[in-house]
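Colleague: Below you'll find coords_19.cif; it's mmCIF, C-alpha atoms.
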```cif
data_input
loop_
_atom_site.label_atom_id
_atom_site.label_comp_id
_atom_site.auth_asym_id
_atom_site.auth_seq_id
_atom_site.Cartn_x
_atom_site.Cartn_y
_atom_site.Cartn_z
CA MET A 1377 4.77 86.08 -17.84
CA TYR A 1378 5.17 89.64 -19.09
CA ARG A 1379 8.71 90.70 -19.84
CA GLY A 1380 9.65 94.38 -19.66
CA THR A 1381 11.04 97.05 -17.43
CA SER A 1382 9.42 97.83 -14.10
CA LYS A 1383 8.52 101.33 -15.40
CA THR A 1384 6.69 99.82 -18.38
CA VAL A 1385 4.81 97.38 -16.14
CA GLY A 1386 3.92 100.24 -13.83
CA ARG A 1387 2.56 102.34 -16.69
CA ILE A 1388 0.43 99.43 -17.95
CA LEU A 1389 -0.97 98.73 -14.47
CA ASN A 1390 -1.69 102.43 -13.88
CA THR A 1391 -3.45 102.64 -17.27
CA ARG A 1392 -5.62 99.63 -16.43
CA ILE A 1393 -6.48 101.08 -13.03
CA PHE A 1394 -7.28 104.46 -14.60
CA VAL A 1395 -9.52 102.90 -17.27
CA ARG A 1396 -11.36 100.85 -14.62
CA PHE A 1397 -11.68 103.89 -12.33
CA SER A 1398 -12.89 106.09 -15.21
CA SER A 1399 -15.50 103.49 -16.12
CA ASN A 1400 -16.75 103.37 -12.54
CA LEU A 1401 -16.65 107.15 -12.31
CA ARG A 1402 -18.84 107.49 -15.39
CA LYS A 1403 -21.27 104.95 -13.90
CA TRP A 1404 -21.33 106.80 -10.55
CA GLY A 1405 -21.82 110.10 -12.38
CA THR A 1406 -24.76 108.66 -14.33
CA ASP A 1407 -26.35 107.32 -11.12
CA ILE A 1408 -25.92 110.66 -9.40
CA ALA A 1409 -27.34 112.51 -12.39
CA ARG A 1410 -30.50 110.37 -12.19
CA GLU A 1411 -31.11 111.35 -8.56
CA PRO A 1412 -33.04 114.59 -8.01
CA LYS A 1413 -31.08 117.30 -6.26
CA PRO A 1414 -32.05 117.49 -2.57
CA ILE A 1415 -33.52 120.72 -1.23
CA TYR A 1416 -31.50 122.27 1.59
CA LEU A 1417 -33.58 123.82 4.39
CA ASP A 1418 -31.30 123.39 7.40
CA ALA A 1419 -29.62 126.79 7.52
CA GLN A 1420 -29.46 126.82 11.33
CA ALA A 1421 -27.26 123.71 11.28
CA THR A 1422 -24.87 125.11 8.67
CA THR A 1423 -24.85 127.22 5.52
CA PRO A 1424 -23.21 126.53 2.16
CA LEU A 1425 -19.91 128.23 1.49
CA ASP A 1426 -20.55 131.36 -0.55
CA PRO A 1427 -18.56 131.12 -3.84
CA ARG A 1428 -17.18 134.63 -3.26
CA VAL A 1429 -15.81 133.48 0.09
CA LEU A 1430 -14.18 130.45 -1.54
CA ASP A 1431 -12.50 132.72 -4.10
CA ASP A 1432 -10.93 134.75 -1.29
CA MET A 1433 -9.80 131.60 0.53
CA LEU A 1434 -8.20 129.76 -2.40
CA PRO A 1435 -4.84 131.60 -2.46
CA PHE A 1436 -4.32 130.64 1.19
CA LEU A 1437 -5.02 126.99 0.41
CA THR A 1438 -2.39 126.95 -2.34
CA ASN A 1439 0.47 129.45 -2.76
CA GLU A 1440 -0.02 131.70 0.28
CA TYR A 1441 0.83 129.08 2.89
CA GLY A 1442 2.79 131.20 5.37
CA ASN A 1443 2.38 131.03 9.14
CA PRO A 1444 0.83 134.35 10.24
CA HIS A 1445 2.98 134.30 13.38
CA SER A 1446 6.26 134.08 11.44
CA ARG A 1447 7.76 137.57 11.56
CA THR A 1448 11.01 137.06 9.64
CA HIS A 1449 9.90 136.65 6.02
CA LYS A 1450 7.33 137.66 3.42
CA PHE A 1451 5.29 134.47 3.66
CA GLY A 1452 4.55 135.21 7.30
CA TRP A 1453 4.01 138.93 6.71
CA ASP A 1454 1.48 138.30 3.94
CA ALA A 1455 -0.41 135.76 6.04
CA GLU A 1456 -0.47 138.14 9.00
CA ALA A 1457 -1.76 140.98 6.82
CA ALA A 1458 -4.58 138.74 5.55
CA VAL A 1459 -5.50 137.76 9.12
CA GLU A 1460 -5.60 141.38 10.26
CA LYS A 1461 -7.74 142.36 7.28
CA ALA A 1462 -10.19 139.61 8.23
CA ARG A 1463 -10.15 140.79 11.84
CA ALA A 1464 -11.14 144.28 10.67
CA GLN A 1465 -13.92 142.83 8.48
CA VAL A 1466 -15.44 140.93 11.41
CA ALA A 1467 -15.20 144.02 13.63
CA SER A 1468 -16.86 146.20 11.00
CA LEU A 1469 -19.86 143.86 10.63
CA ILE A 1470 -20.69 143.99 14.35
CA GLY A 1471 -19.98 147.70 14.87
CA SER A 1472 -16.76 147.32 16.84
CA ASN A 1473 -14.43 150.32 16.59
CA ASP A 1474 -11.33 148.29 17.42
CA PRO A 1475 -10.33 145.14 15.46
CA LYS A 1476 -8.25 144.06 18.47
CA GLU A 1477 -11.56 143.25 20.16
CA ILE A 1478 -11.89 140.24 17.82
CA VAL A 1479 -10.34 136.99 19.06
CA PHE A 1480 -10.32 134.18 16.50
CA THR A 1481 -11.37 130.71 17.69
CA SER A 1482 -12.35 127.38 16.15
CA GLY A 1483 -16.05 128.23 16.28
CA ALA A 1484 -18.92 129.39 18.48
CA THR A 1485 -18.61 126.42 20.86
CA GLU A 1486 -15.05 127.41 21.75
CA SER A 1487 -16.05 131.09 21.91
CA ASN A 1488 -18.85 130.29 24.36
CA ASN A 1489 -16.54 128.16 26.48
CA LEU A 1490 -13.91 130.92 26.53
CA ALA A 1491 -16.44 133.60 27.46
CA LEU A 1492 -18.06 131.70 30.33
CA LYS A 1493 -15.05 129.92 31.77
CA GLY A 1494 -12.69 132.82 31.09
CA ILE A 1495 -14.84 135.37 32.95
CA ALA A 1496 -15.71 132.96 35.75
CA ASN A 1497 -12.08 132.06 36.45
CA PHE A 1498 -10.73 135.61 36.23
CA TYR A 1499 -13.25 137.06 38.70
CA LYS A 1500 -13.75 133.96 40.86
CA GLU A 1501 -12.25 135.46 44.03
CA LYS A 1502 -15.08 137.98 44.42
CA LYS A 1503 -17.82 136.92 42.00
CA ARG A 1504 -19.02 133.32 41.71
CA HIS A 1505 -22.52 133.71 40.30
CA ILE A 1506 -23.57 133.37 36.63
CA ILE A 1507 -26.98 133.87 35.00
CA THR A 1508 -28.15 132.18 31.81
CA SER A 1509 -31.41 130.80 30.37
CA VAL A 1510 -32.81 127.29 30.05
CA ILE A 1511 -32.91 127.45 26.23
CA GLU A 1512 -29.24 128.22 25.58
CA HIS A 1513 -27.12 126.11 23.24
CA LYS A 1514 -25.81 122.92 24.82
CA CYS A 1515 -22.25 124.24 24.93
CA VAL A 1516 -23.37 127.13 27.15
CA LEU A 1517 -25.48 124.93 29.43
CA ASP A 1518 -22.75 122.30 29.72
CA SER A 1519 -20.08 124.94 30.43
CA CYS A 1520 -22.28 126.32 33.21
CA ARG A 1521 -22.77 122.85 34.66
CA VAL A 1522 -19.02 122.22 34.66
CA LEU A 1523 -18.47 125.51 36.52
CA GLN A 1524 -21.28 124.60 38.88
CA ASP A 1525 -20.46 120.94 39.58
CA GLN A 1526 -16.67 120.93 39.41
CA TYR A 1527 -15.73 124.41 40.62
CA GLY A 1528 -18.55 125.39 42.94
CA PHE A 1529 -19.99 128.35 41.01
CA GLU A 1530 -23.63 129.28 41.44
CA VAL A 1531 -25.67 129.35 38.24
CA THR A 1532 -29.21 130.69 37.82
CA TYR A 1533 -31.15 129.32 34.83
CA LEU A 1534 -33.88 131.76 33.80
CA LYS A 1535 -37.14 130.34 32.47
CA VAL A 1536 -38.73 131.67 29.28
CA ASN A 1537 -42.30 132.39 28.22
CA LYS A 1538 -44.19 130.58 25.45
CA GLU A 1539 -42.45 132.77 22.86
CA GLY A 1540 -39.02 131.78 24.15
CA LEU A 1541 -38.20 135.16 25.75
CA VAL A 1542 -36.71 135.75 29.19
CA ASP A 1543 -38.52 137.94 31.72
CA LEU A 1544 -36.46 141.12 32.16
CA ASP A 1545 -37.89 141.80 35.62
CA GLU A 1546 -36.88 138.32 36.72
CA LEU A 1547 -33.40 138.90 35.31
CA ALA A 1548 -33.10 142.17 37.23
CA ASP A 1549 -34.19 140.47 40.46
CA THR A 1550 -31.69 137.65 39.91
CA ILE A 1551 -28.60 139.86 39.59
CA ARG A 1552 -26.68 140.09 42.85
CA PRO A 1553 -23.38 141.68 43.98
CA THR A 1554 -21.56 138.39 43.32
CA THR A 1555 -22.85 138.05 39.74
CA SER A 1556 -19.97 138.18 37.25
CA LEU A 1557 -21.74 137.35 33.97
CA VAL A 1558 -25.11 137.20 32.25
CA SER A 1559 -25.13 134.96 29.15
CA ILE A 1560 -28.27 135.10 26.99
CA MET A 1561 -28.51 133.83 23.40
CA PHE A 1562 -29.24 136.45 20.71
CA ILE A 1563 -31.35 134.28 18.36
CA ASN A 1564 -32.40 130.80 19.40
CA ASN A 1565 -31.19 128.09 17.04
CA GLU A 1566 -34.35 125.96 17.23
CA MET A 1567 -37.26 128.39 16.88
CA GLY A 1568 -35.68 131.73 16.01
CA SER A 1569 -36.78 133.81 19.01
CA ILE A 1570 -34.85 137.10 19.32
CA GLN A 1571 -34.19 138.25 22.86
CA ASN A 1572 -34.44 141.92 23.85
CA ILE A 1573 -30.66 142.24 23.77
CA LYS A 1574 -30.65 146.03 24.03
CA ARG A 1575 -32.63 146.02 27.30
CA ILE A 1576 -30.54 143.18 28.71
CA GLY A 1577 -27.34 145.05 27.80
CA GLU A 1578 -28.58 148.25 29.44
CA LEU A 1579 -29.55 146.36 32.59
CA CYS A 1580 -26.20 144.57 32.86
CA ARG A 1581 -24.23 147.77 32.26
CA SER A 1582 -26.23 149.64 34.94
CA ARG A 1583 -25.56 146.82 37.43
CA LYS A 1584 -21.85 146.51 36.48
CA VAL A 1585 -22.24 142.92 35.32
CA PHE A 1586 -20.62 141.61 32.12
CA PHE A 1587 -23.01 140.60 29.34
CA HIS A 1588 -22.23 137.78 26.90
CA THR A 1589 -24.44 136.71 24.02
CA ASP A 1590 -24.15 133.70 21.73
CA ALA A 1591 -24.87 135.38 18.39
CA ALA A 1592 -23.97 132.47 16.09
CA GLN A 1593 -27.48 132.59 14.59
CA GLY A 1594 -27.67 136.39 14.46
CA VAL A 1595 -24.42 137.81 13.12
CA GLY A 1596 -24.74 138.63 9.42
CA LYS A 1597 -28.50 138.00 9.43
CA ILE A 1598 -29.81 140.97 11.39
CA PRO A 1599 -28.13 144.33 12.15
CA ILE A 1600 -25.92 144.10 15.27
CA ASN A 1601 -23.91 146.90 16.86
CA VAL A 1602 -22.10 145.79 20.00
CA ASN A 1603 -21.73 149.37 21.25
CA ASP A 1604 -25.39 150.32 20.84
CA LEU A 1605 -26.42 147.06 22.52
CA ASN A 1606 -23.90 147.24 25.42
CA ILE A 1607 -22.55 143.79 24.61
CA ASP A 1608 -19.30 142.90 26.39
CA LEU A 1609 -18.64 139.50 24.82
CA MET A 1610 -20.21 137.95 21.72
CA SER A 1611 -19.70 134.55 20.07
CA ILE A 1612 -19.55 134.23 16.26
CA SER A 1613 -19.51 131.16 13.98
CA GLY A 1614 -18.07 131.09 10.46
CA HIS A 1615 -20.20 128.33 8.96
CA LYS A 1616 -23.49 129.94 10.06
CA ILE A 1617 -22.87 132.96 7.80
CA TYR A 1618 -21.81 131.22 4.57
CA GLY A 1619 -18.18 130.94 5.65
CA PRO A 1620 -16.02 127.86 6.33
CA LYS A 1621 -16.41 125.40 9.18
CA GLY A 1622 -13.73 125.26 11.87
CA VAL A 1623 -13.43 128.99 12.52
CA GLY A 1624 -15.25 131.53 14.65
CA ALA A 1625 -14.57 134.51 16.84
CA LEU A 1626 -15.22 135.98 20.26
CA TYR A 1627 -15.78 139.70 20.55
CA VAL A 1628 -14.16 140.92 23.79
CA ARG A 1629 -14.78 144.57 24.73
CA ARG A 1630 -11.71 146.68 25.54
CA ARG A 1631 -13.49 149.82 26.89
CA PRO A 1632 -14.71 149.27 29.54
CA ARG A 1633 -12.14 146.51 29.74
CA VAL A 1634 -13.26 142.91 29.94
CA ARG A 1635 -10.67 140.55 31.45
CA LEU A 1636 -10.76 136.77 31.11
CA ASP A 1637 -8.49 133.79 31.62
CA PRO A 1638 -7.57 131.73 28.54
CA ILE A 1639 -8.75 128.13 28.33
CA ILE A 1640 -6.04 127.16 25.80
CA ASN A 1641 -2.43 127.84 26.78
CA GLY A 1642 0.66 127.89 24.60
CA GLY A 1643 2.37 130.45 22.41
CA GLY A 1644 0.24 133.39 23.55
CA GLN A 1645 -1.40 134.16 20.21
CA GLU A 1646 -4.53 136.35 20.07
CA ARG A 1647 -3.28 138.68 22.82
CA GLY A 1648 -2.72 135.68 25.07
CA LEU A 1649 -6.41 134.77 25.04
CA ARG A 1650 -6.25 131.89 22.55
CA SER A 1651 -2.94 130.17 21.90
CA GLY A 1652 -2.35 128.17 18.73
CA THR A 1653 -1.39 128.87 15.11
CA LEU A 1654 -4.25 130.59 13.29
CA PRO A 1655 -5.39 128.99 9.99
CA PRO A 1656 -5.16 131.88 7.48
CA ALA A 1657 -7.48 130.28 4.90
CA LEU A 1658 -10.27 129.81 7.45
CA VAL A 1659 -9.77 133.22 9.04
CA VAL A 1660 -9.80 134.88 5.60
CA GLY A 1661 -13.00 132.94 4.86
CA LEU A 1662 -14.66 134.24 8.03
CA GLY A 1663 -13.62 137.81 7.21
CA SER A 1664 -14.84 137.50 3.64
CA ALA A 1665 -18.19 136.03 4.81
CA CYS A 1666 -18.63 138.99 7.17
CA ASN A 1667 -17.79 141.41 4.38
CA VAL A 1668 -20.35 139.84 2.02
CA ALA A 1669 -22.96 139.77 4.79
CA GLN A 1670 -22.43 143.44 5.61
CA ARG A 1671 -22.99 144.43 1.97
CA GLU A 1672 -25.99 142.22 1.38
CA LEU A 1673 -27.70 142.03 4.78
CA PRO A 1674 -30.76 144.17 3.87
CA TYR A 1675 -31.38 142.18 0.67
CA ASP A 1676 -30.76 138.83 2.38
CA TYR A 1677 -33.17 139.65 5.20
CA GLU A 1678 -35.91 140.84 2.85
CA ASN A 1679 -35.53 137.76 0.67
CA VAL A 1680 -35.63 135.37 3.63
CA HIS A 1681 -38.60 137.23 5.13
CA SER A 1682 -40.52 137.04 1.84
CA LEU A 1683 -39.87 133.31 1.42
CA SER A 1684 -40.81 132.64 5.05
CA GLU A 1685 -44.11 134.52 4.69
CA HIS A 1686 -44.93 132.62 1.50
CA PHE A 1687 -44.11 129.31 3.21
CA LEU A 1688 -46.28 130.00 6.27
CA LYS A 1689 -49.22 131.31 4.24
CA ARG A 1690 -49.27 128.19 2.10
CA ILE A 1691 -49.02 125.91 5.15
CA GLU A 1692 -51.86 127.78 6.87
CA ARG A 1693 -54.02 127.54 3.76
CA GLU A 1694 -53.34 123.94 2.78
CA LEU A 1695 -52.53 121.99 5.94
CA PRO A 1696 -54.66 122.04 9.12
CA HIS A 1697 -53.52 121.24 12.69
CA VAL A 1698 -50.09 122.85 12.35
CA THR A 1699 -48.66 124.94 15.21
CA LYS A 1700 -45.86 127.49 14.88
CA ASN A 1701 -43.51 127.31 17.86
CA GLY A 1702 -41.99 130.51 19.22
CA SER A 1703 -42.92 134.11 18.60
CA PHE A 1704 -45.32 135.47 15.97
CA ASP A 1705 -44.02 139.01 16.48
CA PRO A 1706 -41.57 139.87 13.65
CA SER A 1707 -39.52 142.03 16.02
CA SER A 1708 -38.79 139.04 18.29
CA CYS A 1709 -38.48 136.24 15.74
CA TYR A 1710 -35.98 135.66 12.91
CA PRO A 1711 -38.00 134.68 9.79
CA GLY A 1712 -35.38 132.28 8.47
CA CYS A 1713 -35.94 129.86 11.37
CA VAL A 1714 -39.43 128.36 11.26
CA ASN A 1715 -40.33 125.65 13.77
CA LEU A 1716 -43.63 123.86 13.17
CA SER A 1717 -45.41 121.04 15.00
CA PHE A 1718 -47.63 118.75 12.93
CA SER A 1719 -50.35 117.24 15.13
CA PHE A 1720 -50.94 113.46 14.86
CA VAL A 1721 -47.60 112.97 13.09
CA GLU A 1722 -44.31 111.72 14.53
CA GLY A 1723 -41.52 114.14 13.58
CA GLU A 1724 -38.96 111.42 12.86
CA SER A 1725 -41.41 109.62 10.55
CA LEU A 1726 -42.06 112.86 8.69
CA LEU A 1727 -38.34 113.50 8.30
CA LEU A 1728 -37.92 110.03 6.77
CA ALA A 1729 -40.82 110.66 4.39
CA LEU A 1730 -39.26 113.98 3.34
CA ASN A 1731 -35.95 112.32 2.49
CA GLN A 1732 -35.32 114.62 -0.49
CA ILE A 1733 -35.40 117.69 1.75
CA ALA A 1734 -32.64 118.46 4.28
CA LEU A 1735 -34.49 119.33 7.49
CA SER A 1736 -34.01 118.93 11.20
CA SER A 1737 -36.14 118.15 14.23
CA GLY A 1738 -33.99 120.43 16.41
CA SER A 1739 -30.39 121.42 17.08
CA ALA A 1740 -27.83 119.59 14.94
CA CYS A 1741 -25.72 119.19 18.08
CA THR A 1742 -28.44 117.11 19.79
CA SER A 1743 -30.11 115.51 16.75
CA ALA A 1744 -28.95 112.00 17.76
CA SER A 1745 -31.19 112.13 20.83
CA LEU A 1746 -34.70 110.67 20.63
CA GLU A 1747 -35.87 112.88 23.49
CA PRO A 1748 -38.16 115.81 22.59
CA SER A 1749 -36.43 119.17 22.26
CA TYR A 1750 -35.56 120.67 25.65
CA VAL A 1751 -36.03 124.09 24.06
CA LEU A 1752 -39.63 123.40 23.04
CA ARG A 1753 -40.39 121.76 26.38
CA ALA A 1754 -39.10 124.91 28.10
CA LEU A 1755 -41.67 126.92 26.11
CA GLY A 1756 -44.43 124.74 27.52
CA VAL A 1757 -45.00 122.75 24.32
CA ASN A 1758 -46.52 119.38 25.26
CA GLU A 1759 -44.52 116.23 24.60
CA ASP A 1760 -46.60 115.05 21.63
CA LEU A 1761 -46.26 118.37 19.78
CA ALA A 1762 -42.58 118.59 20.68
CA HIS A 1763 -42.07 115.13 19.13
CA SER A 1764 -43.88 116.27 15.98
CA SER A 1765 -41.80 119.41 15.44
CA ILE A 1766 -39.69 120.15 12.37
CA ARG A 1767 -37.32 123.10 11.89
CA PHE A 1768 -37.21 124.76 8.47
CA GLY A 1769 -34.09 126.85 7.87
CA ILE A 1770 -34.39 129.35 5.02
CA GLY A 1771 -31.20 130.97 3.78
CA ARG A 1772 -29.47 133.16 1.20
CA PHE A 1773 -29.61 130.58 -1.59
CA THR A 1774 -33.12 129.22 -0.97
CA SER A 1775 -35.46 129.69 -3.92
CA LYS A 1776 -39.24 130.13 -4.11
CA ASP A 1777 -39.45 126.97 -6.22
CA GLU A 1778 -37.78 125.03 -3.40
CA ILE A 1779 -40.25 126.45 -0.87
CA ASP A 1780 -43.18 125.45 -3.08
CA ALA A 1781 -41.79 121.95 -3.61
CA THR A 1782 -41.32 121.59 0.15
CA VAL A 1783 -44.90 122.61 0.89
CA ASP A 1784 -46.22 120.23 -1.80
CA SER A 1785 -44.24 117.36 -0.28
CA LEU A 1786 -45.31 118.31 3.25
CA VAL A 1787 -49.00 118.35 2.39
CA GLU A 1788 -48.76 114.98 0.63
CA ASN A 1789 -46.74 113.20 3.33
CA VAL A 1790 -48.43 114.68 6.39
CA ASN A 1791 -51.81 113.61 5.00
CA LYS A 1792 -50.47 110.10 4.29
CA LEU A 1793 -49.04 109.74 7.80
CA ARG A 1794 -52.24 111.02 9.39
CA GLU A 1795 -54.24 108.42 7.48
CA LEU A 1796 -52.12 105.79 9.25
CA SER A 1797 -52.51 107.40 12.68
CA PRO A 1798 -55.10 105.92 15.08
CA LEU A 1799 -54.91 109.18 17.07
CA TYR A 1800 -56.02 111.17 14.03
CA GLU A 1801 -58.84 108.69 13.43
CA MET A 1802 -59.98 109.12 17.05
CA TYR A 1803 -59.80 112.90 16.67
CA GLN A 1804 -61.98 112.77 13.55
CA GLU A 1805 -64.53 110.69 15.49
CA GLY A 1806 -64.75 113.49 18.05
CA ILE A 1807 -62.83 111.77 20.85
CA ASP A 1808 -60.88 114.11 23.14
CA ILE A 1809 -57.48 112.45 23.11
CA ASN A 1810 -56.21 114.53 26.04
CA SER A 1811 -58.98 113.17 28.26
CA ILE A 1812 -57.89 109.53 27.82
CA ASN A 1813 -55.98 107.91 30.69
CA TRP A 1814 -53.57 105.85 28.62
CA SER A 1815 -52.16 103.98 31.64
CA GLN A 1816 -55.43 102.00 31.88
CA HIS A 1817 -55.16 100.69 28.31
#
```
Output the structure of this file as structure tokens.
Modeller:
Amino acid sequence: MYRGTSKTVGRILNTRIFVRFSSNLRKWGTDIAREPKPIYLDAQATTPLDPRVLDDMLPFLTNEYGNPHSRTHKFGWDAEAAVEKARAQVASLIGSNDPKEIVFTSGATESNNLALKGIANFYKEKKRHIITSVIEHKCVLDSCRVLQDQYGFEVTYLKVNKEGLVDLDELADTIRPTTSLVSIMFINNEMGSIQNIKRIGELCRSRKVFFHTDAAQGVGKIPINVNDLNIDLMSISGHKIYGPKGVGALYVRRRPRVRLDPIINGGGQERGLRSGTLPPALVVGLGSACNVAQRELPYDYENVHSLSEHFLKRIERELPHVTKNGSFDPSSCYPGCVNLSFSFVEGESLLLALNQIALSSGSACTSASLEPSYVLRALGVNEDLAHSSIRFGIGRFTSKDEIDATVDSLVENVNKLRELSPLYEMYQEGIDINSINWSQH
């Protein structure tokens, strides 16, 4: 039995634990070092935190820990000043002339919920009709269904063409005197289609209907001016523009005034529209991300566009039977979101084969589902091609070497999987697969 003070015993035990932990840590580090670094091409799901954004956030994760709503001491004043600076940075990026039009939230999902439910509830006595599209993000579609099923609102779901764009004439015909809100996504998160937001904004303003757009995939990636586009409400996400997760914003126009009921009640923060203590570190991160994006947007876009063109040209040259989903027109498609269907290949099998590349077969919010993408099905993509689709998200930190490595791996693995496919064998023998009545076999 060891004899000594409890402090001495504690030091010996801690030393042994540390030595054992250090040994394991070195082993883990060696194992990790042996593994090749994965390639990240899932920028629509999330983006890495820009190091410049992290630098701006760090003080508010350490020494600057004040509550921005505390008005009686310097800790609170400094935190409030940082929040208001971030509010101005977000407003500047989107062309808002008044930082008070920015309401901080926990992310685009909350912003979308606040926009739809807030407008619907405030104007429900006279206007109980909402218009949206069938390819919106799940949080918009589910919010509409809640308003429809639980509160008796009428919702019109506009169809889209094969490029993922709504018909403006159909939208105009759908607006009625009881319509309170039109909600159309700016850039689709699965295939990058860009709606004609300017025309939609003009139409809604002329018909005195509020216009909301989910711009989580657009803010900081393409130029957006809420005044030029007649946008009344716009949802923003921090982690889609190289900022932190857990923070976003809703732009709410003040002139002409947009009124909405809050969906979170409490201390009345954010002009009574979103109660709850704001997290200064996250808010500062969102502001910093917007500031970086505003400075570098032209360069970022050109870089992403160049990489996307290189990627598509190589695919077209080296891999047959590949279909691009969405628009081919650069003016109506964001180049950093490329959705491809690989005929005779199951998308999930291809994802498993490409395990050193971070990719997605659709929205990260619905990736657990084995059903084909409802967005691609809405475009008229057949079920087989929808099942074989992969989304490639190109971002600020993507390199040409990573694009080339991805294409090399794609060519190798798609060809391997096709060799195992009886459908591909039948196709090579000249059999029209679409003419086969599979129910008889």
Colleague: Check the smallest atom-to-atom distance from each of A:Leu1688, A:Leu1547, A:Leu1786, A:Ala1458 to Gln1732 in chain A using only C-alpha atoms, then report the winner.
Modeller: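 The answer is A:Leu1786, which sits nearest to Gln1732 in chain A.
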Colleague: Under the rule of at most 10 Å, produce a per-residue listing of range 1653-1695 of chain A near range 1480-1498 of chain A: chain, number, name, the closest pair of atoms, and the distance in Å, as JSON lines, using only C-alpha atoms.
Modeller:
```
{"residue": "A:Leu1654", "atom": "CA", "partner": "A:Phe1480", "partner_atom": "CA", "distance": 7.7}
{"residue": "A:Pro1655", "atom": "CA", "partner": "A:Ser1482", "partner_atom": "CA", "distance": 9.4}
{"residue": "A:Leu1658", "atom": "CA", "partner": "A:Ser1482", "partner_atom": "CA", "distance": 9.3}
{"residue": "A:Val1659", "atom": "CA", "partner": "A:Phe1480", "partner_atom": "CA", "distance": 7.5}
{"residue": "A:Leu1662", "atom": "CA", "partner": "A:Phe1480", "partner_atom": "CA", "distance": 9.5}
```
Colleague: Once the PyMOL selection byres ((chain A and resi 1420) around 10) has been evaluated on this model, what residues remain selected, and can you format them as a PyMOL selection string?
Modeller: chain A and resi 1417-1419+1421-1423+1564-1568+1592-1593+1615-1617+1712-1713+1735-1736+1738-1740+1767-1771
Colleague: Can you sort out the box for range 1639-1645 of chain A, edges along x, y and z, all listed atoms in, 8 Å on every side, with centre and edge lengths in Å to one decimal, as lines of an AutoDock Vina configuration file?
Modeller:
```
center_x = -3.2
center_y = 130.7
center_z = 24.3
size_x = 27.1
size_y = 23.0
size_z = 24.1
```
Colleague: Restricting the calculation to all atoms listed in the file: of A:Asn1758, A:Asn1603, A:Asn1679, A:Ser1556, which residue gets closest to Ser1472 in chain A?
Modeller: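 Residue with the minimum atom-to-atom distance to Ser1472 in chain A: A:Asn1603.
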